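Q: The structure under discussion is supplied below as structure tokens; questions concerning it will follow.
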Amino acid sequence: MAALLAIENLTVAYDKVEAVRDVSLSIEPGQIVTVIGPNGAGKTTLLGAAIGLLRWRGRMSYDGLDLRRLDVEARIERGFCLVPEKRELFGDLTVADNLLLGGFTRRRDRAGLKQSLDDVYGRFPRLSERRRQLASTLSGGERQMLALGRALMSRPRLLMLDEPSLGLAPLIVREVFRIIASLRETGVSILLVEQNARAALETADVGYVLETGEIVHSGRAADLMHDPRVTASYLGGH
Amino acid sequence: MTGEIAAILAVDGIASGAIYLLIGLGLVLIFAVTRVIFVPFGDIAAFTALSLASLETGTRPGTVALVAGLAVLATLIECTALVRAGALSRLPRALLFYLVLPLLPAAAVWLVAGMALSMPVRIALSLALVLPIAPLLDRIVFRPIADASVLLLLTVAVALHFALSGMGLLFFGPEGVRTKPLVDAVFEVAGLIVNAQTLLIVVAAVVFSGLLFLVFEYTLLGKALRATAINRTGARLVGIRPATTGTIAYLLASLLAGISGVLIAPVTTIFYDSGFLIGLKAFVGAIIAGMTSYPGTALGSLLVGLLESYSSFWSSAYKEVVVFGILIPVLLWRSLSMAATDDEETEE
Ligand SMILES: Nc1ncnc2c1ncn2[C@@H]1O[C@H](COP(=O)(O)OP(=O)(O)OP(=O)(O)O)[C@@H](O)[C@H]1O
Ligand SMILES: [Mg+2]
């Protein structure tokens with residue numbers, strides 16, 4: 001099967017310092033792929049380059065299209081989205097307006113947008129309760145839900161999530177991973193970046209381990225969970 | 001000063017405040033969406049007034065040549081960029097937006113300039129003629145350095161102001177103009193004689209700032225503009241192109257400036273370089289509100305208008321000194337309160 005996202009020999013540098021070096025990975029349609037690794041490994045940098053916010057070298061294609069030729073906005077229009085680590089919400093706009101703008105690329109499909117909005121509110125009842133509130137007044141967990149909901153409004157085919165469980169209470173973390181698993185049921189492919197390695201590997205099909213900008217292990221998520229080299233560093237030993 | 005004189009001066013001040021308001025709102029809109037402090041923005045108002053005056057006398061406005069030149073230059077830059085990026089499929093669209101659309105009103109004005117036109121037609125033509133100037137300047141000057149610092153963008157905007165005044169002299173000549181009154185009536189409001197033109201200025205300012213508010217509050221376009229202003233990366237991640245919202249901000253703002261140009265042309269003699277001082281006073285009004293708040297800009301502009309009016313009563317030679325003099329304490333206060341909020345942000 002042709003990969004939905006194919007990354008080959010990707011290198012990303014900040015000035016002279018290479019934060020991602022010679023990374024290759026691919027995602028098949030319908031897969032959940034996770035990239036785990038310690039602080040500063042280059043996970044956020046990898047996603048930033050893939051969505052087109054950073055300069056990069058190497059080859060990347062999405063759905064058979066050369067990503068050199070698509071800017072960020074053109075990726076979004078084609079269903080390739082990112083929920084960034086910083087969330088990048090519109091703080092001075094209401095929750096409802098944030099979601100509305102999430103569907104900006106589908107603005108002519110009014111009926112479809114209404115449907116998606118109901119879906120998001122069904123998935124996150126908290127957002128529905130707070131729809132008139134400004135995004136800046138939300139709690140960490142609610143912001144995370146809003147960021148995810150905003151991305152879902154564009155009806156993505158490939159969704160990249162940068163540490164969706166960051167700073168959330170354990171109960172909400174479980175909820176977030178449940179949602180990620182349920183997204184796959186609706187046909188969304190996912191590239192999941194996480195520090196919570198156990199939960200990520202339990203949810204994903206395929207895993208990659210990134211350390212100081214390079215991929216050091218990769219394989220089926222179920223295998224990585226029992227790989228002693230991975231368990232020792234990331235799963236607190238077994 | 002008697003109460004009656006005070007009231008007359010207040011009416012005068014409110015009218016000039018209304019003019020500064022329309023231009024100030026545009027300045028804030030452009031700054032919020034593009035981070036550019038568009039120094040030559042007053043020129044857009046002055047060029048509208050000059051175009052309207054030319055159409056009244058049946059001559060071809062210099063704006064036609066100015067717009068044509070800018071359109072050709074912007075088209076060359078855009079097409080070169082597209083060819084370099086290998087995006088040939090986007091050429092027709094670029095030609096439409098940078099060449100055909102800006103040249104349409106210019107061509108229309110060029111054809112009908114000698115004819116006897118009714119006042120609404122002259123006004124509509126002048127507005128349409130001037131609208132593309134700021135977006136084209138944006139494409140030529142600011143788009144290539146869109147990611148630069150606010151300070152660099154401001155420096156370039158100042159340079160652009162000098163270039164534009166030179167072009168103003170070239171295309172419009174050194175003569176001042178004054179257009180025919182839009183309305184010719186006098187009212188008596190609470191024992192005070194008020195000129196209909198003054199009333200029109202105030203009403204227009206209220207109506208058009210109200211419309212701007214409605215656009216921001218109730219349309220997807222308005223929300224996309226605000227989203228770009230709040231978080232550019234966030235906007236890009238939902239598929240909003242900052243370059244596009246920037247162009248829309250320039251167009252909306254130019255419409256406001258153009259309207260203010262139409263409104264002042266009958267009451268003030270306008271020269272090719274009159275826009276600078278008008279724009280600068282609007283800028284003072286906007287700065288009082290920190291360049292970020294629309295209601296604050298409204299109050300700031302009103303304050304500038306009133307100050308100018310009262311100070312010209314005592315000494316018209318010093319009225320500019322008074323207006324720009326208030327800028328110093330305001331900037332001091334602003335920079336102090338801004339330093340305080342900066343600290344808060346780093347603590348986050
Ligand atoms: N804007 C930047 N300028 C310079 N260096 C940067 C920048 N952003 C990140 N880096 C460096 O690049 C490396 C990778 O950072 P990155 O944020 O991609 O790591 P990460 O795996 O996402 O870490 P975390 O788990 O903390 O989010 C780090 O060494 C970091 O210091
Ligand atoms: Mg990160």
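We name chains A, B, ... following the order of the structure tokens; residues begin at 1 in each chain, and ligands are numbered from 1 as shown.
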Residues near range 175-180 of chain A, anyone? I mean within 12 Å using only C-alpha atoms, not counting same-chain ones fewer than 5 positions away, as a VMD selection string.

A: chain A and resid 31 to 34 120 122 to 124 141 to 142 144 to 149 152 159 to 161 163 to 166 168 to 170 185 to 192 194 196 to 204

Q: Restrict the selected residues to C-alpha atoms and save them as a short mmCIF file (atom, residue, chain, number, x, y, z; two decimals), in the first residue's frame.

A:
data_model
loop_
_atom_site.label_atom_id
_atom_site.label_comp_id
_atom_site.auth_asym_id
_atom_site.auth_seq_id
_atom_site.Cartn_x
_atom_site.Cartn_y
_atom_site.Cartn_z
CA GLN A 31 -2.42 3.61 11.01
CA ILE A 32 -1.51 5.17 14.33
CA VAL A 33 2.23 5.75 14.40
CA THR A 34 3.96 7.09 17.48
CA VAL A 120 -16.99 17.80 18.34
CA GLY A 122 -20.65 15.37 21.35
CA ARG A 123 -17.09 14.18 21.83
CA PHE A 124 -16.17 17.02 24.21
CA GLY A 141 -7.27 20.05 29.78
CA GLU A 142 -9.97 22.11 28.11
CA GLN A 144 -6.11 20.55 24.79
CA MET A 145 -9.65 19.42 23.92
CA LEU A 146 -10.24 22.67 22.05
CA ALA A 147 -7.01 22.26 20.07
CA LEU A 148 -8.02 18.73 19.14
CA GLY A 149 -11.60 19.79 18.37
CA LEU A 152 -11.10 17.82 13.79
CA LEU A 159 -3.56 14.25 12.13
CA MET A 160 -0.27 14.92 13.89
CA LEU A 161 -0.56 15.32 17.67
CA GLU A 163 2.17 15.57 23.24
CA PRO A 164 -1.62 15.59 23.62
CA SER A 165 -1.31 14.38 27.23
CA LEU A 166 1.15 17.10 28.27
CA LEU A 168 -3.06 16.74 32.01
CA ALA A 169 -4.47 14.90 35.02
CA PRO A 170 -4.24 11.09 34.72
CA GLU A 185 -12.35 4.11 13.71
CA THR A 186 -13.46 7.12 11.65
CA GLY A 187 -10.60 6.59 9.20
CA VAL A 188 -8.17 9.24 10.46
CA SER A 189 -4.49 8.29 10.37
CA ILE A 190 -2.45 9.60 13.27
CA LEU A 191 1.15 10.55 13.96
CA LEU A 192 1.40 10.76 17.73
CA GLU A 194 4.48 11.48 23.22
CA ASN A 196 4.06 9.08 27.92
CA ALA A 197 5.64 6.11 26.11
CA ARG A 198 3.56 3.35 27.64
CA ALA A 199 0.19 4.84 26.73
CA ALA A 200 1.47 5.82 23.29
CA LEU A 201 2.78 2.34 22.47
CA GLU A 202 -0.42 0.75 23.78
CA THR A 203 -2.47 2.89 21.39
CA ALA A 204 -0.22 2.83 18.31
#

Q: Could you list, as JSON, numbers by chain, all residues that come within 12 Å of ligand 2? Count only C-alpha atoms and all ligand atoms.

A: {"A": [19, 35, 36, 37, 38, 39, 40, 41, 42, 43, 44, 45, 46, 47, 48, 83, 84, 85, 86, 87, 161, 162, 163, 164, 165, 166, 192, 193, 194, 195, 210, 213]}

Q: May I have the residues within 8 Å of Leu25 in chain A as a PyMOL selection string, using only C-alpha atoms and disregarding those fewer than 2 positions away in the same chain?

A: chain A and resi 6-8+23+27

Q: So that I have them on file, write out the residues from the current selection with C-alpha atoms, as a compact mmCIF listing (two decimals), in the first residue's frame.

A:
# COMPACT_ATOMS: atom_id res chain seq x y z
CA ALA A 6 6.52 9.27 3.54
CA ILE A 7 9.54 10.98 5.10
CA GLU A 8 12.98 10.12 3.76
CA VAL A 23 15.11 10.65 9.79
CA ILE A 27 2.52 6.14 7.82

Q: Might you pull out every residue within 6 Å of Gly300 in chain B, with only C-alpha atoms counted and same-chain residues fewer than 2 positions away left off, and present them as a compact mmCIF listing (two decimals) with N, CA and C atoms, in the first residue's frame?

A:
# COMPACT_ATOMS: atom_id res chain seq x y z
N GLY B 285 -3.82 59.25 17.84
CA GLY B 285 -5.05 58.73 18.42
C GLY B 285 -4.98 57.23 18.66
N ILE B 288 -2.50 56.22 21.55
CA ILE B 288 -3.05 56.41 22.90
C ILE B 288 -3.69 55.11 23.36
N THR B 297 -9.04 53.49 20.21
CA THR B 297 -8.63 54.36 19.11
C THR B 297 -9.70 55.42 18.86
N ALA B 298 -10.97 55.03 19.01
CA ALA B 298 -12.06 55.99 18.83
C ALA B 298 -11.92 57.12 19.85
N LEU B 302 -10.80 61.13 19.11
CA LEU B 302 -11.67 62.21 19.57
C LEU B 302 -10.86 63.20 20.41
N LEU B 303 -10.04 62.66 21.28
CA LEU B 303 -9.20 63.49 22.13
C LEU B 303 -8.26 64.36 21.29

Q: Any idea which chain B residues end up within 12 Å of chain A if we count only C-alpha atoms, as a VMD selection string please?

A: chain B and resid 82 84 to 89 216 to 244

Q: Using only C-alpha atoms, determine which residues lie at most 6 Å from range 13-18 of chain B, disregarding the query and same-chain residues fewer than 5 positions distant; provide the list as a PyMOL selection string.

A: chain B and resi 198+202+205+301-302+305-306+309

Q: Just the selected residues (N, CA and C atoms), exported as an mmCIF file, in the first residue's frame, please.

A:
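Result written to out_0.cif:
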data_model
loop_
_atom_site.group_PDB
_atom_site.id
_atom_site.type_symbol
_atom_site.label_atom_id
_atom_site.label_comp_id
_atom_site.auth_asym_id
_atom_site.auth_seq_id
_atom_site.Cartn_x
_atom_site.Cartn_y
_atom_site.Cartn_z
ATOM 1 N N THR B 198 -20.387 68.912 8.590
ATOM 2 C CA THR B 198 -19.837 68.445 9.858
ATOM 3 C C THR B 198 -20.628 67.251 10.377
ATOM 4 N N VAL B 202 -19.445 63.208 11.054
ATOM 5 C CA VAL B 202 -19.616 62.461 12.299
ATOM 6 C C VAL B 202 -20.480 61.217 12.070
ATOM 7 N N ALA B 205 -18.508 58.543 10.235
ATOM 8 C CA ALA B 205 -17.543 57.871 11.104
ATOM 9 C C ALA B 205 -18.235 56.845 11.984
ATOM 10 N N SER B 301 -8.766 59.278 19.086
ATOM 11 C CA SER B 301 -8.935 60.176 17.940
ATOM 12 C C SER B 301 -9.774 61.387 18.326
ATOM 13 N N LEU B 302 -10.804 61.127 19.109
ATOM 14 C CA LEU B 302 -11.672 62.209 19.572
ATOM 15 C C LEU B 302 -10.864 63.196 20.411
ATOM 16 N N GLY B 305 -8.695 65.284 18.181
ATOM 17 C CA GLY B 305 -9.497 66.282 17.478
ATOM 18 C C GLY B 305 -9.848 67.456 18.381
ATOM 19 N N LEU B 306 -10.275 67.159 19.607
ATOM 20 C CA LEU B 306 -10.662 68.213 20.545
ATOM 21 C C LEU B 306 -9.463 69.076 20.944
ATOM 22 N N SER B 309 -8.542 71.358 18.208
ATOM 23 C CA SER B 309 -9.513 72.422 18.044
ATOM 24 C C SER B 309 -9.342 73.503 19.123
#

Q: If you count only C-alpha atoms, which residues fall within 9 Å of Pro105 in chain B, apart from same-chain ones fewer than 2 positions away, as a list in words?

A: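 Residues near the query, excluding close chain neighbours: Val64, Leu101, Pro102, Leu103, Ala107, Ala108, Val109, Trp110, Leu125, Ser126, Ala128, Leu129 and Val130 of chain B.
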
Q: Would you work out the distance separating CA of Leu199 in chain B from CA of Ile44 in chain B, expressed in Å to one decimal?

A: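 These two atoms are separated by 22.7 Å.
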
Q: Using DSSP on the backbone coordinates, identify the residues of range 87-211 of chain A assigned to alpha helix (DSSP H); present them as a PyMOL selection string.

A: chain A and resi 95-102+110-123+125-129+140-152+170-185+197-203

Q: For Gly166 in chain B, which residue among B:Leu66, B:Leu182, B:Leu336, B:Ile328 is the nearest when counting only C-alpha atoms?

A: B:Leu66

Q: Using backbone DSSP assignments, extract all strand (DSSP E or B) residues from range 6-232 of chain A; output them as a ChimeraX atom specification.

A: /A:6-14,17-27,32-36,57-62,65-66,80-83,94,134,158-162,189-194,206-211,214-220

Q: Give me, as a list in words, all polymer residues having an atom no more than 10 Å from Ser274 in chain B, counting only C-alpha atoms and skipping those fewer than 3 positions away in the same chain.

A: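 Answer for this query is Gly42, Asp43, Ala45, Ala46, Phe47, Ser165, Gly176, Thr268, Thr269, Ile270, Phe271, Leu277, Ile278 and Gly279 of chain B.
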
Q: Produce a file of the selected residues containing C-alpha atoms, as a CSV table (one decimal), in the first residue's frame.

A:
chain,number,residue,atom,x,y,z
B,42,GLY,CA,-2.9,59.3,5.4
B,43,ASP,CA,-1.8,59.6,1.8
B,45,ALA,CA,-7.1,59.7,2.2
B,46,ALA,CA,-5.4,62.6,0.4
B,47,PHE,CA,-5.1,60.7,-2.9
B,165,SER,CA,5.3,61.8,-1.3
B,176,GLY,CA,-4.0,72.3,-3.5
B,268,THR,CA,-9.9,71.5,3.9
B,269,THR,CA,-7.5,72.3,1.1
B,270,ILE,CA,-5.7,69.1,0.2
B,271,PHE,CA,-2.2,69.0,-1.3
B,277,LEU,CA,0.0,65.1,8.9
B,278,ILE,CA,-3.6,63.8,8.9
B,279,GLY,CA,-2.2,60.2,9.1

Q: How far is it from CA of Thr80 in chain B to CA of Ala134 in chain B, in Å with one decimal?

A: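 Going from CA of Thr80 in chain B over to CA of Ala134 in chain B covers 20.7 Å.
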
Q: Nearest to ligand 1 among A:Ser26, A:Val216, A:Ser136, A:Tyr14, with distances taken over only C-alpha atoms and all ligand atoms: which residue is it?

A: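 Between A:Ser26, A:Val216, A:Ser136, A:Tyr14, the residue approaching ligand 1 most closely is A:Tyr14.
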
Q: Interatomic distance between CA of Leu67 in chain A and CA of Arg157 in chain A?

A: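 Computing the Euclidean distance for CA of Leu67 in chain A and CA of Arg157 in chain A yields 15.6 Å.
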